[in-house]
file query.txt (compact mmCIF, N, CA and C atoms)
# COMPACT_ATOMS: atom_id res chain seq x y z
N MET A 1 24.42 111.05 83.01
CA MET A 1 25.22 110.51 81.94
C MET A 1 26.71 110.59 82.27
N LYS A 2 27.08 111.73 82.90
CA LYS A 2 28.49 111.89 83.26
C LYS A 2 28.91 110.85 84.29
N ARG A 3 27.99 110.54 85.23
CA ARG A 3 28.31 109.55 86.27
C ARG A 3 28.50 108.16 85.67
N ILE A 4 27.70 107.81 84.69
CA ILE A 4 27.82 106.49 84.06
C ILE A 4 29.15 106.37 83.34
N CYS A 5 29.52 107.42 82.62
CA CYS A 5 30.81 107.40 81.91
C CYS A 5 31.96 107.35 82.90
N LEU A 6 31.85 108.09 84.01
CA LEU A 6 32.89 108.08 85.03
C LEU A 6 33.00 106.71 85.68
N LEU A 7 31.89 106.06 85.94
CA LEU A 7 31.92 104.73 86.54
C LEU A 7 32.53 103.70 85.58
N ILE A 8 32.17 103.79 84.33
CA ILE A 8 32.75 102.87 83.35
C ILE A 8 34.26 103.09 83.24
N PHE A 9 34.69 104.34 83.20
CA PHE A 9 36.11 104.65 83.10
C PHE A 9 36.86 104.14 84.32
N LEU A 10 36.34 104.40 85.51
CA LEU A 10 36.99 103.93 86.74
C LEU A 10 36.99 102.40 86.82
N GLY A 11 35.93 101.79 86.32
CA GLY A 11 35.89 100.32 86.31
C GLY A 11 36.96 99.73 85.40
N LEU A 12 37.15 100.35 84.27
CA LEU A 12 38.20 99.88 83.36
C LEU A 12 39.59 100.18 83.91
N LEU A 13 39.74 101.34 84.55
CA LEU A 13 41.03 101.76 85.07
C LEU A 13 41.48 100.90 86.24
N TYR A 14 40.58 100.62 87.18
CA TYR A 14 40.93 99.86 88.38
C TYR A 14 40.48 98.42 88.34
N GLY A 15 39.93 98.01 87.24
CA GLY A 15 39.47 96.63 87.12
C GLY A 15 40.65 95.68 86.96
N ALA A 16 40.34 94.47 86.59
CA ALA A 16 41.39 93.47 86.39
C ALA A 16 42.31 93.92 85.25
N PRO A 17 43.61 93.87 85.47
CA PRO A 17 44.53 94.32 84.41
C PRO A 17 44.49 93.34 83.23
N TYR A 18 44.54 93.90 82.07
CA TYR A 18 44.55 93.09 80.86
C TYR A 18 45.99 92.95 80.38
N VAL A 19 46.40 91.70 80.22
CA VAL A 19 47.77 91.42 79.80
C VAL A 19 47.70 90.72 78.46
N SER A 20 48.52 91.18 77.55
CA SER A 20 48.57 90.51 76.26
C SER A 20 50.01 90.07 75.99
N ASP A 21 50.12 88.99 75.29
CA ASP A 21 51.43 88.48 74.92
C ASP A 21 51.70 88.83 73.46
N ALA A 22 52.91 89.24 73.19
CA ALA A 22 53.30 89.54 71.82
C ALA A 22 54.17 88.41 71.30
N GLN A 23 54.21 88.25 70.02
CA GLN A 23 55.07 87.21 69.46
C GLN A 23 56.51 87.67 69.49
N ARG A 24 57.40 86.71 69.53
CA ARG A 24 58.83 87.00 69.55
C ARG A 24 59.40 86.71 68.17
N ILE A 25 60.08 87.66 67.61
CA ILE A 25 60.68 87.50 66.28
C ILE A 25 62.19 87.40 66.46
N THR A 26 62.77 86.34 65.88
CA THR A 26 64.20 86.11 65.98
C THR A 26 64.77 85.99 64.58
N TYR A 27 65.82 86.72 64.32
CA TYR A 27 66.47 86.68 63.01
C TYR A 27 67.76 85.88 63.10
N SER A 28 68.11 85.23 62.00
CA SER A 28 69.40 84.53 61.96
C SER A 28 70.45 85.46 61.38
N ARG A 29 71.68 85.20 61.72
CA ARG A 29 72.78 85.99 61.16
C ARG A 29 73.12 85.45 59.78
N PRO A 30 73.52 86.30 58.86
CA PRO A 30 73.91 85.80 57.54
C PRO A 30 75.19 84.97 57.63
N GLU A 31 75.24 83.94 56.81
CA GLU A 31 76.43 83.09 56.78
C GLU A 31 77.51 83.76 55.94
N GLN A 32 78.73 83.30 56.09
CA GLN A 32 79.84 83.88 55.34
C GLN A 32 79.66 83.70 53.84
N ASP A 33 79.08 82.58 53.42
CA ASP A 33 78.91 82.30 52.00
C ASP A 33 77.73 83.03 51.38
N ASP A 34 76.89 83.64 52.20
CA ASP A 34 75.69 84.30 51.69
C ASP A 34 76.03 85.67 51.13
N ASP A 35 75.73 85.86 49.87
CA ASP A 35 75.85 87.15 49.23
C ASP A 35 74.44 87.73 49.17
N TYR A 36 74.19 88.82 49.86
CA TYR A 36 72.82 89.31 49.99
C TYR A 36 72.19 89.67 48.66
N ARG A 37 72.97 89.91 47.62
CA ARG A 37 72.40 90.24 46.32
C ARG A 37 72.06 89.00 45.51
N ASN A 38 72.76 87.90 45.73
CA ASN A 38 72.61 86.74 44.87
C ASN A 38 72.03 85.51 45.56
N THR A 39 71.90 85.51 46.86
CA THR A 39 71.40 84.35 47.57
C THR A 39 69.88 84.30 47.54
N GLU A 40 69.35 83.19 47.05
CA GLU A 40 67.92 82.95 47.10
C GLU A 40 67.69 81.88 48.17
N PHE A 41 66.60 81.98 48.88
CA PHE A 41 66.32 80.98 49.91
C PHE A 41 64.84 80.66 49.94
N GLU A 42 64.57 79.47 50.46
CA GLU A 42 63.19 79.04 50.67
C GLU A 42 63.13 78.34 52.02
N ILE A 43 62.22 78.77 52.85
CA ILE A 43 62.07 78.17 54.18
C ILE A 43 61.31 76.87 54.02
N ILE A 44 61.96 75.77 54.38
CA ILE A 44 61.32 74.45 54.29
C ILE A 44 60.33 74.30 55.43
N GLY A 45 60.75 74.67 56.62
CA GLY A 45 59.87 74.59 57.78
C GLY A 45 60.55 73.87 58.92
N LYS A 46 59.77 73.54 59.91
CA LYS A 46 60.28 72.85 61.10
C LYS A 46 60.25 71.35 60.85
N VAL A 47 61.41 70.74 60.91
CA VAL A 47 61.55 69.30 60.73
C VAL A 47 62.22 68.77 62.00
N GLY A 48 61.48 68.02 62.79
CA GLY A 48 62.01 67.58 64.08
C GLY A 48 62.13 68.78 65.00
N GLU A 49 63.30 68.96 65.58
CA GLU A 49 63.55 70.08 66.47
C GLU A 49 64.24 71.24 65.76
N HIS A 50 64.44 71.13 64.46
CA HIS A 50 65.22 72.12 63.72
C HIS A 50 64.36 72.85 62.69
N ILE A 51 64.81 74.04 62.33
CA ILE A 51 64.20 74.81 61.26
C ILE A 51 65.16 74.73 60.07
N GLU A 52 64.65 74.31 58.93
CA GLU A 52 65.51 74.06 57.77
C GLU A 52 65.21 75.06 56.67
N VAL A 53 66.28 75.55 56.03
CA VAL A 53 66.18 76.56 54.99
C VAL A 53 67.03 76.11 53.80
N PHE A 54 66.44 76.13 52.60
CA PHE A 54 67.14 75.80 51.37
C PHE A 54 67.72 77.10 50.80
N LYS A 55 69.03 77.08 50.46
CA LYS A 55 69.68 78.27 49.94
C LYS A 55 70.33 77.98 48.60
N ASN A 56 70.20 78.93 47.71
CA ASN A 56 70.84 78.88 46.40
C ASN A 56 71.71 80.11 46.27
N ASN A 57 73.01 79.91 46.23
CA ASN A 57 73.95 81.01 46.10
C ASN A 57 74.79 80.78 44.86
N ARG A 58 74.37 81.39 43.76
CA ARG A 58 75.07 81.26 42.48
C ARG A 58 75.23 79.80 42.07
N ASP A 59 74.14 79.08 42.08
CA ASP A 59 74.08 77.67 41.68
C ASP A 59 74.88 76.75 42.60
N HIS A 60 75.12 77.16 43.82
CA HIS A 60 75.65 76.29 44.87
C HIS A 60 74.53 76.13 45.88
N TYR A 61 74.03 74.90 45.97
CA TYR A 61 72.83 74.64 46.78
C TYR A 61 73.22 74.03 48.12
N ALA A 62 72.50 74.44 49.16
CA ALA A 62 72.77 73.91 50.50
C ALA A 62 71.50 74.03 51.34
N ILE A 63 71.47 73.24 52.40
CA ILE A 63 70.40 73.33 53.38
C ILE A 63 71.04 73.76 54.69
N SER A 64 70.53 74.85 55.23
CA SER A 64 71.01 75.36 56.52
C SER A 64 70.06 74.89 57.60
N VAL A 65 70.62 74.35 58.66
CA VAL A 65 69.84 73.80 59.77
C VAL A 65 70.02 74.73 60.97
N TYR A 66 68.90 75.25 61.47
CA TYR A 66 68.91 76.19 62.60
C TYR A 66 68.21 75.57 63.79
N ASN A 67 68.61 76.01 65.00
CA ASN A 67 67.92 75.57 66.21
C ASN A 67 66.76 76.52 66.49
N GLN A 68 66.12 76.39 67.63
CA GLN A 68 64.94 77.20 67.96
C GLN A 68 65.25 78.68 68.08
N ASP A 69 66.50 79.03 68.41
CA ASP A 69 66.90 80.43 68.55
C ASP A 69 67.49 80.99 67.27
N MET A 70 67.29 80.29 66.15
CA MET A 70 67.78 80.68 64.83
C MET A 70 69.30 80.84 64.79
N GLU A 71 69.99 79.98 65.53
CA GLU A 71 71.45 79.91 65.45
C GLU A 71 71.80 78.75 64.53
N LEU A 72 72.72 78.99 63.62
CA LEU A 72 73.10 77.98 62.64
C LEU A 72 73.77 76.81 63.33
N GLU A 73 73.26 75.61 63.11
CA GLU A 73 73.87 74.41 63.65
C GLU A 73 74.77 73.74 62.63
N LYS A 74 74.28 73.63 61.39
CA LYS A 74 75.12 73.07 60.33
C LYS A 74 74.59 73.48 58.97
N ARG A 75 75.47 73.40 58.01
CA ARG A 75 75.13 73.70 56.61
C ARG A 75 75.48 72.46 55.81
N VAL A 76 74.49 71.92 55.11
CA VAL A 76 74.67 70.68 54.36
C VAL A 76 74.66 71.01 52.86
N PRO A 77 75.80 70.92 52.18
CA PRO A 77 75.80 71.18 50.74
C PRO A 77 75.10 70.06 49.98
N LEU A 78 74.35 70.42 48.97
CA LEU A 78 73.63 69.44 48.14
C LEU A 78 74.39 69.29 46.83
N THR A 79 75.39 68.43 46.85
CA THR A 79 76.28 68.28 45.69
C THR A 79 75.67 67.42 44.59
N PHE A 80 74.60 66.72 44.88
CA PHE A 80 73.99 65.85 43.87
C PHE A 80 73.10 66.62 42.90
N LEU A 81 72.79 67.88 43.19
CA LEU A 81 71.91 68.65 42.31
C LEU A 81 72.68 69.17 41.10
N PRO A 82 72.02 69.24 39.95
CA PRO A 82 72.66 69.82 38.77
C PRO A 82 72.84 71.34 38.94
N ARG A 83 73.65 71.94 38.08
CA ARG A 83 73.98 73.36 38.23
C ARG A 83 72.78 74.29 38.11
N LYS A 84 71.95 74.10 37.15
CA LYS A 84 70.81 74.99 36.94
C LYS A 84 69.51 74.26 37.21
N LEU A 85 68.77 74.72 38.19
CA LEU A 85 67.46 74.14 38.49
C LEU A 85 66.38 75.06 37.95
N ILE A 86 65.33 74.44 37.44
CA ILE A 86 64.18 75.21 36.97
C ILE A 86 63.25 75.53 38.13
N ASN A 87 62.96 74.51 38.95
CA ASN A 87 62.01 74.67 40.04
C ASN A 87 62.36 73.71 41.16
N VAL A 88 62.10 74.14 42.39
CA VAL A 88 62.32 73.30 43.57
C VAL A 88 61.10 73.45 44.48
N ASP A 89 60.54 72.33 44.91
CA ASP A 89 59.41 72.34 45.85
C ASP A 89 59.74 71.42 47.02
N PHE A 90 59.19 71.75 48.18
CA PHE A 90 59.43 70.96 49.38
C PHE A 90 58.12 70.55 50.01
N ILE A 91 58.11 69.33 50.55
CA ILE A 91 56.97 68.82 51.30
C ILE A 91 57.51 68.40 52.67
N PRO A 92 57.32 69.23 53.70
CA PRO A 92 57.86 68.89 55.02
C PRO A 92 56.95 67.93 55.79
N TYR A 93 57.58 67.04 56.52
CA TYR A 93 56.90 66.13 57.45
C TYR A 93 57.51 66.33 58.84
N ASP A 94 57.07 65.57 59.82
CA ASP A 94 57.58 65.74 61.18
C ASP A 94 59.05 65.39 61.31
N ASP A 95 59.50 64.34 60.64
CA ASP A 95 60.87 63.87 60.84
C ASP A 95 61.72 63.90 59.56
N HIS A 96 61.17 64.30 58.43
CA HIS A 96 61.93 64.41 57.19
C HIS A 96 61.17 65.33 56.23
N PHE A 97 61.76 65.57 55.07
CA PHE A 97 61.06 66.34 54.05
C PHE A 97 61.39 65.77 52.68
N GLN A 98 60.52 66.01 51.75
CA GLN A 98 60.75 65.57 50.38
C GLN A 98 61.02 66.80 49.52
N MET A 99 61.98 66.63 48.63
CA MET A 99 62.36 67.71 47.74
C MET A 99 62.11 67.25 46.31
N ILE A 100 61.34 68.02 45.57
CA ILE A 100 61.05 67.71 44.17
C ILE A 100 61.66 68.83 43.34
N TYR A 101 62.55 68.47 42.41
CA TYR A 101 63.24 69.48 41.63
C TYR A 101 63.19 69.15 40.14
N GLN A 102 63.27 70.20 39.33
CA GLN A 102 63.24 70.07 37.88
C GLN A 102 64.48 70.74 37.30
N PHE A 103 65.01 70.13 36.25
CA PHE A 103 66.14 70.71 35.54
C PHE A 103 66.06 70.30 34.09
N GLN A 104 66.77 71.03 33.26
CA GLN A 104 66.76 70.75 31.82
C GLN A 104 68.14 70.29 31.39
N ARG A 105 68.15 69.24 30.60
CA ARG A 105 69.38 68.75 29.99
C ARG A 105 69.08 68.52 28.52
N ASN A 106 69.84 69.17 27.67
CA ASN A 106 69.59 69.18 26.23
C ASN A 106 68.19 69.74 25.99
N ASN A 107 67.32 69.01 25.36
CA ASN A 107 65.96 69.50 25.10
C ASN A 107 64.91 68.85 25.99
N LEU A 108 65.34 68.13 27.01
CA LEU A 108 64.40 67.43 27.89
C LEU A 108 64.39 68.07 29.28
N VAL A 109 63.20 68.11 29.89
CA VAL A 109 63.06 68.58 31.26
C VAL A 109 62.85 67.37 32.15
N TYR A 110 63.68 67.24 33.16
CA TYR A 110 63.61 66.11 34.09
C TYR A 110 63.01 66.58 35.41
N CYS A 111 62.28 65.68 36.05
CA CYS A 111 61.70 65.95 37.35
C CYS A 111 62.09 64.80 38.28
N TYR A 112 62.85 65.11 39.32
CA TYR A 112 63.28 64.10 40.28
C TYR A 112 62.78 64.45 41.66
N GLY A 113 62.74 63.47 42.51
CA GLY A 113 62.36 63.66 43.91
C GLY A 113 63.32 62.94 44.81
N VAL A 114 63.55 63.51 45.98
CA VAL A 114 64.45 62.91 46.95
C VAL A 114 63.87 63.15 48.35
N SER A 115 64.07 62.21 49.24
CA SER A 115 63.62 62.34 50.61
C SER A 115 64.84 62.56 51.49
N LEU A 116 64.84 63.62 52.29
CA LEU A 116 65.98 63.98 53.14
C LEU A 116 65.54 64.08 54.59
N ASN A 117 66.46 63.74 55.49
CA ASN A 117 66.19 63.92 56.91
C ASN A 117 67.41 64.49 57.60
call {"tool": "encode", "arguments": {"input": "query.txt", "output": "structure tokens"}}
result
Amino acid sequence: MKRICLLIFLGLLYGAPYVSDAQRITYSRPEQDDDYRNTEFEIIGKVGEHIEVFKNNRDHYAISVYNQDMELEKRVPLTFLPRKLINVDFIPYDDHFQMIYQFQRNNLVYCYGVSLN
């Protein structure tokens, strides 16, 4: 029994080496306008060659566009949105994404959609 265990151990030790790949995690740096206590964000996903993130910083809305290394390429302010949004949803595609948002004005709740690229 000892010989079998020794042979198995030596076979594993000197056998073909097992190599595993680990995933690489990359973080982006916070932007100057980002207040870590008040900034809310939602990751839209990969659109084209870029990773897009929706940010809400005290009712100032913007989309941050990152490259593959999570370096900020540009920040696009969304000035057409009303000040207070109830809900925002995104539907990403390969070359664009759709944004569906809800807001309240007076006693009515509105739901609009926009396609962005």
call {"tool": "atom_distance", "arguments": {"input": "query.txt", "atom1": "atom N of A:Thr79", "atom2": "atom N of A:Tyr27"}}
result
27.0 Å
call {"tool": "select_by_dssp", "arguments": {"input": "query.txt", "residues": "chain A", "states": "strand (DSSP E or B)", "output": "PyMOL selection string"}}
result
chain A and resi 39-47+50-57+61-66+72-77+87-92+97-105+108-116
call {"tool": "atom_distance", "arguments": {"input": "query.txt", "atom1": "atom C of A:Ile100", "atom2": "atom N of A:Leu72"}}
result
25.2 Å
call {"tool": "atom_distance", "arguments": {"input": "query.txt", "atom1": "atom C of A:Ser115", "atom2": "atom N of A:Thr39"}}
result
24.5 Å
call {"tool": "closest_residue", "arguments": {"input": "query.txt", "among": "A:Gln98, A:Thr26, A:Asn67, A:Gln104", "to": "A:Arg83", "atoms": "only C-alpha atoms"}}
result
A:Gln104
call {"tool": "residues_near_point", "arguments": {"input": "query.txt", "point": "(60.6, 68.5, 47.9)", "cutoff": "6 Å", "atoms": "all atoms listed in the file", "output": "list in words"}}
result
Asp89, Phe90, Ile91, Phe97, Gln98, Met99, Ile100 and Tyr101 of chain A
call {"tool": "write_last_selection", "arguments": {"input": "query.txt", "atoms": "N, CA and C atoms", "output": "compact mmCIF listing (two decimals), keeping the file's coordinate frame"}}
result
# COMPACT_ATOMS: atom_id res chain seq x y z
N ASP A 89 60.54 72.33 44.91
CA ASP A 89 59.41 72.34 45.85
C ASP A 89 59.74 71.42 47.02
N PHE A 90 59.19 71.75 48.18
CA PHE A 90 59.43 70.96 49.38
C PHE A 90 58.12 70.55 50.01
N ILE A 91 58.11 69.33 50.55
CA ILE A 91 56.97 68.82 51.30
C ILE A 91 57.51 68.40 52.67
N PHE A 97 61.76 65.57 55.07
CA PHE A 97 61.06 66.34 54.05
C PHE A 97 61.39 65.77 52.68
N GLN A 98 60.52 66.01 51.75
CA GLN A 98 60.75 65.57 50.38
C GLN A 98 61.02 66.80 49.52
N MET A 99 61.98 66.63 48.63
CA MET A 99 62.36 67.71 47.74
C MET A 99 62.11 67.25 46.31
N ILE A 100 61.34 68.02 45.57
CA ILE A 100 61.05 67.71 44.17
C ILE A 100 61.66 68.83 43.34
N TYR A 101 62.55 68.47 42.41
CA TYR A 101 63.24 69.48 41.63
C TYR A 101 63.19 69.15 40.14
call {"tool": "closest_residue", "arguments": {"input": "query.txt", "among": "A:Val114, A:Ile51, A:Ala22, A:Ile63", "to": "A:Leu78", "atoms": "all atoms listed in the file"}}
result
A:Ile63
call {"tool": "closest_residue", "arguments": {"input": "query.txt", "among": "A:Gly45, A:Arg37, A:Val76, A:Phe103", "to": "A:Arg58", "atoms": "only C-alpha atoms"}}
result
A:Arg37
call {"tool": "closest_residue", "arguments": {"input": "query.txt", "among": "A:Asn57, A:Gln68, A:Asn117, A:Asn107", "to": "A:Asp95", "atoms": "only C-alpha atoms"}}
result
A:Asn117
call {"tool": "closest_residue", "arguments": {"input": "query.txt", "among": "A:Val47, A:Ile8, A:Val109, A:Leu81", "to": "A:Tyr61", "atoms": "only C-alpha atoms"}}
result
A:Leu81
call {"tool": "residues_around", "arguments": {"input": "query.txt", "residues": "stretch 29-31 of chain A", "least_positions_apart": "6", "cutoff": "12 Å", "atoms": "only C-alpha atoms", "output": "list of chain:residue names"}}
result
A:Thr39, A:Phe41, A:Lys55, A:Asn57, A:Ala62, A:Ile63, A:Ser64, A:Val65, A:Tyr66, A:Asp69, A:Met70, A:Glu71, A:Leu72, A:Glu73, A:Lys74, A:Arg75
